[in-house]
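Listing of input24.pdb, PDB, C-alpha atoms
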```pdb
MODEL        1
ATOM      1  CA  MET S  20      -6.693   0.111  30.558
ATOM      2  CA  ARG S  21      -9.340  -2.163  31.998
ATOM      3  CA  LYS S  22     -12.347  -2.428  29.707
ATOM      4  CA  PHE S  23     -15.649  -4.153  30.222
ATOM      5  CA  PHE S  24     -18.827  -5.032  28.387
ATOM      6  CA  LEU S  25     -22.087  -5.178  30.279
ATOM      7  CA  PHE S  26     -24.636  -7.950  30.048
ATOM      8  CA  LEU S  27     -27.842  -8.077  32.092
ATOM      9  CA  SER S  28     -29.582 -11.228  33.265
ATOM     10  CA  ILE S  29     -33.094 -11.125  34.698
ATOM     11  CA  PHE S  30     -34.105 -13.591  37.362
ATOM     12  CA  PRO S  31     -37.822 -13.470  38.372
ATOM     13  CA  LEU S  32     -38.521 -13.721  42.053
ATOM     14  CA  ILE S  33     -39.796 -17.247  42.780
ATOM     15  CA  LEU S  34     -41.311 -18.161  46.155
ATOM     16  CA  ALA S  35     -41.863 -21.823  47.099
ATOM     17  CA  ALA S  36     -43.315 -23.447  50.234
ATOM     18  CA  CYS S  37     -40.944 -25.571  52.305
ATOM     19  CA  GLY S  38     -41.973 -29.149  53.317
ATOM     20  CA  SER S  39     -44.416 -31.571  51.747
ATOM     21  CA  ASN S  40     -47.331 -31.487  54.219
ATOM     22  CA  PRO S  41     -47.730 -28.145  55.974
ATOM     23  CA  ALA S  42     -49.712 -28.217  59.237
ATOM     24  CA  PRO S  43     -53.364 -27.126  59.031
ATOM     25  CA  VAL S  44     -54.242 -23.695  60.340
ATOM     26  CA  SER S  45     -57.278 -23.390  62.581
ATOM     27  CA  GLY S  46     -59.800 -20.586  62.277
ATOM     28  CA  PRO S  47     -62.563 -19.495  59.965
ATOM     29  CA  LYS S  48     -62.216 -20.119  56.299
ATOM     30  CA  PRO S  49     -61.705 -17.020  54.181
ATOM     31  CA  THR S  50     -64.602 -15.982  52.000
ATOM     32  CA  ALA S  51     -64.182 -14.582  48.520
ATOM     33  CA  SER S  52     -65.364 -11.058  47.804
ATOM     34  CA  LYS S  53     -67.903 -10.572  45.059
ATOM     35  CA  ASN S  54     -65.725  -7.839  43.559
ATOM     36  CA  PRO S  55     -62.186  -8.684  44.545
ATOM     37  CA  ALA S  56     -59.655  -5.889  44.065
ATOM     38  CA  LYS S  57     -57.086  -6.680  41.416
ATOM     39  CA  PRO S  58     -53.538  -6.512  42.723
ATOM     40  CA  THR S  59     -51.510  -3.665  41.264
ATOM     41  CA  PRO S  60     -48.265  -4.899  39.718
ATOM     42  CA  ALA S  61     -45.209  -3.373  41.342
ATOM     43  CA  ALA S  62     -43.992  -2.092  37.978
ATOM     44  CA  THR S  63     -47.104   0.040  37.519
ATOM     45  CA  ARG S  64     -46.711   1.569  40.978
ATOM     46  CA  PHE S  65     -43.164   2.754  40.237
ATOM     47  CA  THR S  66     -42.528   5.903  38.207
ATOM     48  CA  SER S  67     -39.097   6.748  36.839
ATOM     49  CA  THR S  68     -38.043  10.239  37.922
ATOM     50  CA  CYS S  69     -35.045  12.428  37.180
ATOM     51  CA  THR S  70     -33.805  16.006  36.965
ATOM     52  CA  LYS S  71     -32.431  17.311  33.690
ATOM     53  CA  SER S  72     -28.819  18.458  33.688
ATOM     54  CA  LEU S  73     -28.064  21.977  32.540
ATOM     55  CA  ASP S  74     -27.003  22.558  28.945
ATOM     56  CA  PRO S  75     -24.510  25.466  29.009
ATOM     57  CA  ALA S  76     -24.970  25.963  25.271
ATOM     58  CA  ALA S  77     -28.661  26.739  25.758
ATOM     59  CA  ASN S  78     -28.440  29.327  28.526
ATOM     60  CA  THR S  79     -28.109  32.409  26.364
ATOM     61  CA  ASN S  80     -29.488  33.874  23.178
ATOM     62  CA  GLU S  81     -26.889  36.622  22.982
ATOM     63  CA  PRO S  82     -24.842  36.639  19.773
ATOM     64  CA  SER S  83     -21.174  35.759  20.123
ATOM     65  CA  LEU S  84     -18.510  38.413  19.649
ATOM     66  CA  PHE S  85     -16.429  35.796  17.867
ATOM     67  CA  PRO S  86     -17.218  35.261  14.177
ATOM     68  CA  PRO S  87     -18.387  31.783  13.147
ATOM     69  CA  VAL S  88     -16.015  29.430  11.386
ATOM     70  CA  SER S  89     -15.895  30.155   7.655
ATOM     71  CA  GLU S  90     -13.910  29.355   4.521
ATOM     72  CA  LEU S  91     -11.606  32.252   5.418
ATOM     73  CA  ASP S  92     -10.316  30.345   8.443
ATOM     74  CA  HIS S  93      -7.415  27.912   8.557
ATOM     75  CA  ILE S  94      -9.016  24.591   9.474
ATOM     76  CA  THR S  95      -7.857  21.049  10.010
ATOM     77  CA  GLY S  96     -10.332  18.290  10.822
ATOM     78  CA  PRO S  97     -13.787  17.337   9.504
ATOM     79  CA  ALA S  98     -16.540  19.943   9.259
ATOM     80  CA  ASP S  99     -18.962  17.673  11.123
ATOM     81  CA  ALA S 100     -16.649  17.100  14.096
ATOM     82  CA  ALA S 101     -18.480  17.190  17.425
ATOM     83  CA  VAL S 102     -15.911  19.553  18.957
ATOM     84  CA  THR S 103     -14.405  22.660  17.373
ATOM     85  CA  ILE S 104     -11.404  24.365  18.963
ATOM     86  CA  ILE S 105     -10.641  27.900  17.796
ATOM     87  CA  GLU S 106      -7.186  29.196  18.667
ATOM     88  CA  TYR S 107      -6.119  32.827  18.433
ATOM     89  CA  SER S 108      -2.347  32.855  18.283
ATOM     90  CA  ASP S 109       0.916  34.555  17.296
ATOM     91  CA  PHE S 110       3.802  32.662  15.691
ATOM     92  CA  GLN S 111       6.450  34.534  17.708
ATOM     93  CA  CYS S 112       4.686  33.971  21.036
ATOM     94  CA  ASN S 113       6.461  31.360  23.202
ATOM     95  CA  GLY S 114       3.254  30.280  24.938
ATOM     96  CA  CYS S 115       1.593  29.819  21.551
ATOM     97  CA  ALA S 116       4.435  27.531  20.478
ATOM     98  CA  GLN S 117       3.846  25.411  23.577
ATOM     99  CA  MET S 118       0.141  25.265  22.752
ATOM    100  CA  THR S 119       0.919  23.444  19.494
ATOM    101  CA  TYR S 120       2.020  20.408  21.528
ATOM    102  CA  VAL S 121      -1.251  20.509  23.462
ATOM    103  CA  MET S 122      -3.276  20.697  20.250
ATOM    104  CA  ALA S 123      -1.246  17.876  18.702
ATOM    105  CA  TYR S 124      -1.982  15.668  21.714
ATOM    106  CA  LEU S 125      -5.718  16.386  21.543
ATOM    107  CA  VAL S 126      -5.793  15.617  17.819
ATOM    108  CA  GLN S 127      -3.912  12.374  18.401
ATOM    109  CA  LYS S 128      -6.284  11.285  21.167
ATOM    110  CA  PHE S 129      -9.630  12.367  19.719
ATOM    111  CA  GLY S 130      -8.870  12.160  16.000
ATOM    112  CA  ALA S 131     -11.748  13.021  13.669
ATOM    113  CA  GLN S 132     -13.982  13.937  16.597
ATOM    114  CA  ILE S 133     -12.391  17.397  16.766
ATOM    115  CA  ARG S 134     -11.372  20.099  14.313
ATOM    116  CA  LEU S 135      -8.894  22.897  14.905
ATOM    117  CA  VAL S 136      -9.297  26.440  13.649
ATOM    118  CA  TYR S 137      -6.258  28.727  13.691
ATOM    119  CA  ARG S 138      -6.778  32.493  13.691
ATOM    120  CA  PRO S 139      -3.727  34.771  13.655
ATOM    121  CA  PHE S 140      -3.565  37.703  16.032
ATOM    122  CA  PRO S 141      -0.087  39.201  15.556
ATOM    123  CA  LEU S 142       1.105  41.131  18.601
ATOM    124  CA  THR S 143       3.050  43.713  16.625
ATOM    125  CA  LYS S 144       3.584  45.933  19.671
ATOM    126  CA  VAL S 145       5.289  43.066  21.475
ATOM    127  CA  TYR S 146       7.156  41.075  18.815
ATOM    128  CA  ASP S 147       9.224  42.451  15.942
ATOM    129  CA  LYS S 148       8.401  39.587  13.564
ATOM    130  CA  ALA S 149       4.775  38.972  14.541
ATOM    131  CA  ALA S 150       3.363  40.387  11.308
ATOM    132  CA  LEU S 151       6.047  38.933   9.018
ATOM    133  CA  SER S 152       5.656  35.410  10.432
ATOM    134  CA  ALA S 153       1.877  35.626   9.979
ATOM    135  CA  GLN S 154       2.435  36.834   6.402
ATOM    136  CA  ALA S 155       4.700  33.825   5.804
ATOM    137  CA  ALA S 156       1.877  31.483   6.807
ATOM    138  CA  GLU S 157      -0.590  33.317   4.559
ATOM    139  CA  ALA S 158       1.868  33.261   1.641
ATOM    140  CA  ALA S 159       2.309  29.512   2.126
ATOM    141  CA  ASN S 160      -1.475  29.156   2.279
ATOM    142  CA  LEU S 161      -1.701  30.512  -1.278
ATOM    143  CA  GLN S 162       0.129  27.335  -2.297
ATOM    144  CA  GLY S 163      -1.902  25.059  -0.014
ATOM    145  CA  LYS S 164       0.850  24.825   2.601
ATOM    146  CA  PHE S 165      -0.509  26.806   5.553
ATOM    147  CA  TRP S 166      -0.250  24.004   8.103
ATOM    148  CA  ASP S 167       3.215  23.043   6.882
ATOM    149  CA  MET S 168       4.404  26.603   7.507
ATOM    150  CA  HIS S 169       2.456  26.714  10.783
ATOM    151  CA  ASN S 170       4.308  23.641  12.036
ATOM    152  CA  LEU S 171       7.656  24.933  10.789
ATOM    153  CA  LEU S 172       7.340  28.350  12.440
ATOM    154  CA  PHE S 173       6.285  26.957  15.799
ATOM    155  CA  GLY S 174       8.480  23.861  15.715
ATOM    156  CA  ARG S 175      11.649  25.820  14.913
ATOM    157  CA  GLN S 176      10.743  29.063  16.653
ATOM    158  CA  ALA S 177      13.999  29.058  18.622
ATOM    159  CA  GLU S 178      15.989  29.279  15.361
ATOM    160  CA  TRP S 179      14.442  32.518  14.166
ATOM    161  CA  TRP S 180      13.135  34.220  17.301
ATOM    162  CA  ASN S 181      16.274  36.353  17.803
ATOM    163  CA  LEU S 182      16.882  37.102  14.121
ATOM    164  CA  THR S 183      16.361  40.591  12.764
ATOM    165  CA  PRO S 184      13.356  40.982  10.434
ATOM    166  CA  ASP S 185      15.717  41.048   7.420
ATOM    167  CA  GLN S 186      17.516  37.912   8.596
ATOM    168  CA  PHE S 187      14.181  36.237   9.251
ATOM    169  CA  GLU S 188      12.954  37.048   5.746
ATOM    170  CA  LYS S 189      16.076  35.421   4.320
ATOM    171  CA  TRP S 190      15.570  32.402   6.600
ATOM    172  CA  LEU S 191      12.003  32.033   5.340
ATOM    173  CA  GLY S 192      13.195  32.026   1.739
ATOM    174  CA  GLU S 193      15.622  29.222   2.560
ATOM    175  CA  GLN S 194      12.821  27.103   4.045
ATOM    176  CA  ALA S 195      10.437  27.510   1.110
ATOM    177  CA  GLY S 196      11.995  24.851  -1.132
ATOM    178  CA  PRO S 197      12.311  22.098   1.500
ATOM    179  CA  LEU S 198       8.720  22.834   2.503
ATOM    180  CA  GLY S 199       7.533  22.099  -1.038
ATOM    181  CA  LEU S 200       6.807  25.709  -1.949
ATOM    182  CA  GLU S 201       7.633  27.437  -5.205
ATOM    183  CA  THR S 202      10.278  29.750  -3.778
ATOM    184  CA  ALA S 203       9.901  32.671  -6.202
ATOM    185  CA  LYS S 204       6.139  32.812  -5.735
ATOM    186  CA  PHE S 205       6.458  32.504  -1.964
ATOM    187  CA  LYS S 206       8.906  35.418  -1.796
ATOM    188  CA  ALA S 207       6.646  37.542  -3.982
ATOM    189  CA  ASP S 208       3.561  36.721  -1.910
ATOM    190  CA  LEU S 209       5.324  37.266   1.423
ATOM    191  CA  LYS S 210       4.978  41.048   1.230
ATOM    192  CA  SER S 211       2.297  41.390  -1.424
ATOM    193  CA  PRO S 212      -0.583  43.805  -0.692
ATOM    194  CA  GLU S 213      -2.984  40.846  -0.535
ATOM    195  CA  THR S 214      -0.984  39.046   2.143
ATOM    196  CA  VAL S 215      -0.276  42.201   4.138
ATOM    197  CA  ASN S 216      -3.979  43.115   4.103
ATOM    198  CA  ILE S 217      -5.041  39.639   5.280
ATOM    199  CA  VAL S 218      -2.761  39.858   8.316
ATOM    200  CA  ALA S 219      -3.709  43.466   9.056
ATOM    201  CA  GLN S 220      -7.405  42.553   8.924
ATOM    202  CA  ALA S 221      -6.847  39.610  11.267
ATOM    203  CA  GLN S 222      -5.245  41.994  13.740
ATOM    204  CA  LEU S 223      -8.169  44.421  13.473
ATOM    205  CA  ASP S 224     -10.676  41.585  13.916
ATOM    206  CA  GLY S 225      -8.943  40.545  17.116
ATOM    207  CA  GLN S 226      -8.918  44.084  18.430
ATOM    208  CA  ASP S 227     -12.620  44.501  17.630
ATOM    209  CA  ILE S 228     -13.547  41.583  19.887
ATOM    210  CA  GLY S 229     -11.254  42.823  22.637
ATOM    211  CA  LEU S 230      -8.379  40.361  22.433
ATOM    212  CA  GLY S 231      -5.593  41.393  24.758
ATOM    213  CA  GLY S 232      -3.234  38.461  24.530
ATOM    214  CA  VAL S 233      -2.695  35.031  23.076
ATOM    215  CA  PRO S 234      -3.078  32.128  23.022
ATOM    216  CA  LEU S 235      -6.834  32.239  23.492
ATOM    217  CA  LEU S 236      -8.985  29.142  23.051
ATOM    218  CA  LEU S 237     -12.670  28.661  22.341
ATOM    219  CA  ILE S 238     -14.137  25.168  22.579
ATOM    220  CA  ASN S 239     -17.512  24.874  20.876
ATOM    221  CA  GLY S 240     -17.868  28.629  21.136
ATOM    222  CA  GLU S 241     -17.078  28.863  24.849
ATOM    223  CA  ILE S 242     -14.068  30.917  25.923
ATOM    224  CA  GLN S 243     -11.525  28.918  27.897
ATOM    225  CA  LYS S 244      -9.645  31.194  30.248
ATOM    226  CA  PRO S 245      -5.919  30.683  30.836
ATOM    227  CA  PRO S 246      -3.836  29.210  32.307
ATOM    228  CA  TYR S 247      -4.247  26.218  30.023
ATOM    229  CA  ILE S 248      -3.597  22.844  31.620
ATOM    230  CA  LEU S 249      -3.560  19.822  29.335
ATOM    231  CA  SER S 250      -5.550  17.545  31.646
ATOM    232  CA  GLU S 251      -8.271  20.179  32.063
ATOM    233  CA  LEU S 252      -8.558  20.797  28.319
ATOM    234  CA  GLU S 253      -8.689  17.044  27.771
ATOM    235  CA  ASN S 254     -11.567  16.790  30.256
ATOM    236  CA  ILE S 255     -13.432  19.651  28.588
ATOM    237  CA  VAL S 256     -13.188  17.991  25.172
ATOM    238  CA  SER S 257     -14.251  14.626  26.631
ATOM    239  CA  LEU S 258     -17.312  16.188  28.260
ATOM    240  CA  LYS S 259     -18.234  18.038  25.059
ATOM    241  CA  LEU S 260     -18.068  14.758  23.167
ATOM    242  CA  LEU S 261     -20.210  13.069  25.803
ATOM    243  CA  MET S 262     -22.943  15.654  25.200
ATOM    244  CA  THR S 263     -23.561  14.071  21.793
ATOM    245  CA  ARG S 264     -24.598  10.855  23.574
ATOM    246  CA  GLN S 265     -26.685  12.373  26.339
ATOM    247  CA  PHE S 266     -30.425  11.814  26.586
ATOM    248  CA  HIS S 267     -32.982  14.604  26.438
ATOM    249  CA  GLU S 268     -35.641  12.891  28.543
ATOM    250  CA  CYS S 269     -35.784  10.884  31.753
ATOM    251  CA  PRO S 270     -35.340   7.148  31.173
ATOM    252  CA  PRO S 271     -38.569   5.229  30.570
ATOM    253  CA  LEU S 272     -39.591   2.352  32.795
ATOM    254  CA  VAL S 273     -37.608  -0.709  31.680
ATOM    255  CA  ILE S 274     -37.650  -2.900  34.813
ATOM    256  CA  ASP S 275     -40.137  -4.657  37.053
ATOM    257  CA  PRO S 276     -39.202  -3.936  40.694
ATOM    258  CA  ALA S 277     -40.789  -7.247  41.682
ATOM    259  CA  LYS S 278     -38.050  -9.120  39.837
ATOM    260  CA  LYS S 279     -34.428  -9.697  40.677
ATOM    261  CA  TYR S 280     -31.654  -8.442  38.416
ATOM    262  CA  THR S 281     -27.962  -9.069  38.134
ATOM    263  CA  ALA S 282     -25.372  -7.421  35.913
ATOM    264  CA  LYS S 283     -22.301  -9.130  34.536
ATOM    265  CA  LEU S 284     -19.304  -6.913  33.843
ATOM    266  CA  LYS S 285     -16.981  -8.573  31.357
ATOM    267  CA  THR S 286     -13.463  -7.196  31.832
ATOM    268  CA  ASP S 287     -10.018  -8.142  30.595
ATOM    269  CA  LYS S 288      -9.353  -9.323  34.163
ATOM    270  CA  GLY S 289     -12.404 -11.579  34.324
ATOM    271  CA  ASP S 290     -16.138 -11.278  34.911
ATOM    272  CA  ILE S 291     -17.744  -9.400  37.788
ATOM    273  CA  VAL S 292     -21.333 -10.195  38.768
ATOM    274  CA  ILE S 293     -23.319  -7.500  40.544
ATOM    275  CA  ARG S 294     -26.682  -7.952  42.218
ATOM    276  CA  LEU S 295     -29.142  -5.107  41.635
ATOM    277  CA  PHE S 296     -31.794  -4.424  44.296
ATOM    278  CA  ALA S 297     -34.706  -3.213  42.202
ATOM    279  CA  ASP S 298     -37.126  -3.474  45.137
ATOM    280  CA  ARG S 299     -35.046  -1.136  47.296
ATOM    281  CA  ALA S 300     -33.663   1.293  44.696
ATOM    282  CA  PRO S 301     -35.957   1.097  41.659
ATOM    283  CA  ASN S 302     -34.868   4.419  40.133
ATOM    284  CA  THR S 303     -31.197   3.530  40.383
ATOM    285  CA  VAL S 304     -31.636   0.046  38.938
ATOM    286  CA  ASN S 305     -33.963   1.283  36.203
ATOM    287  CA  ASN S 306     -31.407   3.914  35.216
ATOM    288  CA  PHE S 307     -28.582   1.364  35.231
ATOM    289  CA  VAL S 308     -30.487  -1.119  33.074
ATOM    290  CA  PHE S 309     -31.677   1.614  30.692
ATOM    291  CA  LEU S 310     -28.129   2.869  30.094
ATOM    292  CA  ALA S 311     -26.696  -0.638  29.800
ATOM    293  CA  GLN S 312     -29.260  -1.582  27.161
ATOM    294  CA  ARG S 313     -28.170   1.425  25.102
ATOM    295  CA  GLY S 314     -24.451   0.691  25.220
ATOM    296  CA  TRP S 315     -23.578   3.507  27.618
ATOM    297  CA  TYR S 316     -21.078   1.306  29.444
ATOM    298  CA  ASP S 317     -19.610  -0.560  26.462
ATOM    299  CA  ASN S 318     -15.828  -0.431  26.030
ATOM    300  CA  ILE S 319     -15.221   2.019  28.858
ATOM    301  CA  THR S 320     -12.396   1.854  31.366
ATOM    302  CA  PHE S 321     -11.925   1.875  35.096
ATOM    303  CA  TYR S 322     -10.556   5.405  34.943
ATOM    304  CA  ARG S 323      -9.799   5.715  38.649
ATOM    305  CA  VAL S 324      -8.440   2.846  40.728
ATOM    306  CA  LEU S 325      -7.150   2.963  44.294
ATOM    307  CA  ALA S 326      -5.758  -0.469  45.114
ATOM    308  CA  GLY S 327      -7.511  -2.095  48.050
ATOM    309  CA  TYR S 328     -10.062   0.721  48.241
ATOM    310  CA  PHE S 329     -12.216   1.158  45.131
ATOM    311  CA  ALA S 330     -12.354   1.090  41.331
ATOM    312  CA  GLN S 331     -14.407   3.767  39.580
ATOM    313  CA  THR S 332     -16.095   3.425  36.192
ATOM    314  CA  GLY S 333     -19.404   4.128  34.447
ATOM    315  CA  ASP S 334     -18.539   7.518  32.911
ATOM    316  CA  PRO S 335     -17.745   7.248  29.183
ATOM    317  CA  SER S 336     -15.902  10.588  29.328
ATOM    318  CA  GLU S 337     -13.498   9.018  31.852
ATOM    319  CA  THR S 338     -13.433  12.280  33.795
ATOM    320  CA  GLY S 339     -15.693  11.401  36.713
ATOM    321  CA  LEU S 340     -17.720  14.491  35.785
ATOM    322  CA  GLY S 341     -19.920  13.113  33.003
ATOM    323  CA  ASN S 342     -23.633  12.343  33.179
ATOM    324  CA  PRO S 343     -26.251  10.925  30.789
ATOM    325  CA  GLY S 344     -28.092  14.243  30.534
ATOM    326  CA  TYR S 345     -30.115  13.876  33.714
ATOM    327  CA  PHE S 346     -29.766  13.097  37.415
ATOM    328  CA  ILE S 347     -31.820  10.593  39.384
ATOM    329  CA  PRO S 348     -32.699  11.120  43.065
ATOM    330  CA  ASP S 349     -30.730   9.366  45.782
ATOM    331  CA  GLU S 350     -32.346   6.230  47.132
ATOM    332  CA  ILE S 351     -31.376   5.109  50.616
ATOM    333  CA  ASP S 352     -32.754   1.990  52.239
ATOM    334  CA  PRO S 353     -31.912   2.218  55.956
TER     335      PRO S 353
ENDMDL
END
```
Could you spell out this file's structure in structure tokens?
Amino acid sequence: MRKFFLFLSIFPLILAACGSNPAPVSGPKPTASKNPAKPTPAATRFTSTCTKSLDPAANTNEPSLFPPVSELDHITGPADAAVTIIEYSDFQCNGCAQMTYVMAYLVQKFGAQIRLVYRPFPLTKVYDKAALSAQAAEAANLQGKFWDMHNLLFGRQAEWWNLTPDQFEKWLGEQAGPLGLETAKFKADLKSPETVNIVAQAQLDGQDIGLGGVPLLLINGEIQKPPYILSELENIVSLKLLMTRQFHECPPLVIDPAKKYTAKLKTDKGDIVIRLFADRAPNTVNNFVFLAQRGWYDNITFYRVLAGYFAQTGDPSETGLGNPGYFIPDEIDP
């Protein structure tokens, strides 16, 4: 990936007369006014303007049908992560098994910036081992091994999918030891009233909020409708993360339109120097300088390159859809 750092250099506009002895100009000599008007600096005549972008999280006060994350949930990732993904799922569901690869990719890419919350919703009317597989995960959870069992059930789903419930129960017992579980306790917990009730309650909770199928994803409380495409989910997470860096006000005035500015982009392919026309597009240049001074462009990539045509950068989310929390008006100098 091509990365660059941004450095700004300011060059004041300097005007000098050409020649050593300019010819005299005929005509009356100018007279000074008793109260000469003070020239207004260009910077004071320019006002930074922008339009705030919409915050989808602030457009409703209606309570969510989905319960908030609590200690009853199965969670991996830090509590203060900027992005929380809640997944309703069934261990015997083929699409849910595929979703584990998507979640693994997102965790690998974004690391501690996201946390995953798994909520079982066993489709007992569809799958013969939906409840028993969910009970296996809950029984493993009693020994601190929920995610180990989660990964085992999804990762080796093809091995047990066609087994009868009795055969599956035997298969689970055989996996307990290698998984680091105390086998006798796991077998006892597998069908204990406590475990059965946990799974039954999870099913009722899903029905109460109107779940019809799985997998179902919520990202920061917003329902993501299927079909789920990895690139689209990746963009959604990137844009959610960008929201933590967005500004809540229009940028203040940080330039003098009477001066000249250049920007130096330091990339792993060499430096690129860009001239900024503050006199013709003051809002655009002011916005660019403001963001550069605050590290908005540091360590970002050229996320879209068409050879011989253009190279696109400037969006830390690398989606081409991000913004700093506001929009500035177009400035066209014909």
Pick from S:Leu125, S:Met262, S:Leu142, S:Leu252, whichever lies nearest to Leu223 of chain S using all atoms listed in the file = S:Leu142
key: Of the listed residues S:Asn113, S:Asn302, S:Ser67, S:Ser83, that which approaches Ala177 of chain S most closely, counting all atoms listed in the file   =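 Among S:Asn113, S:Asn302, S:Ser67, S:Ser83, it is S:Asn113 that comes nearest to Ala177 of chain S.
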query = What is the distance between atom CA of Glu201 of chain S and atom CA of Ala156 of chain S, in Å to one decimal?
reply = 13.9 Å
inquiry  = With all atoms listed in the file as the counted atoms, please give the residues lying no more than 9 Å from Ala149 of chain S, apart from itself and same-chain residues fewer than 4 positions off, as an NGL selection string.
reply    = :S and (109-112 or 140-145 or 153-154)
inquiry  = For a test of reading the model, state the distance in Å between atom CA of Pro335 of chain S and atom CA of Thr320 of chain S, rounded to one decimal.
reply    =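 Atom CA of Thr320 of chain S lies 7.9 Å from atom CA of Pro335 of chain S.
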note = Between atom CA of Phe129 of chain S and atom CA of Glu251 of chain S lies a distance of 14.7 Å
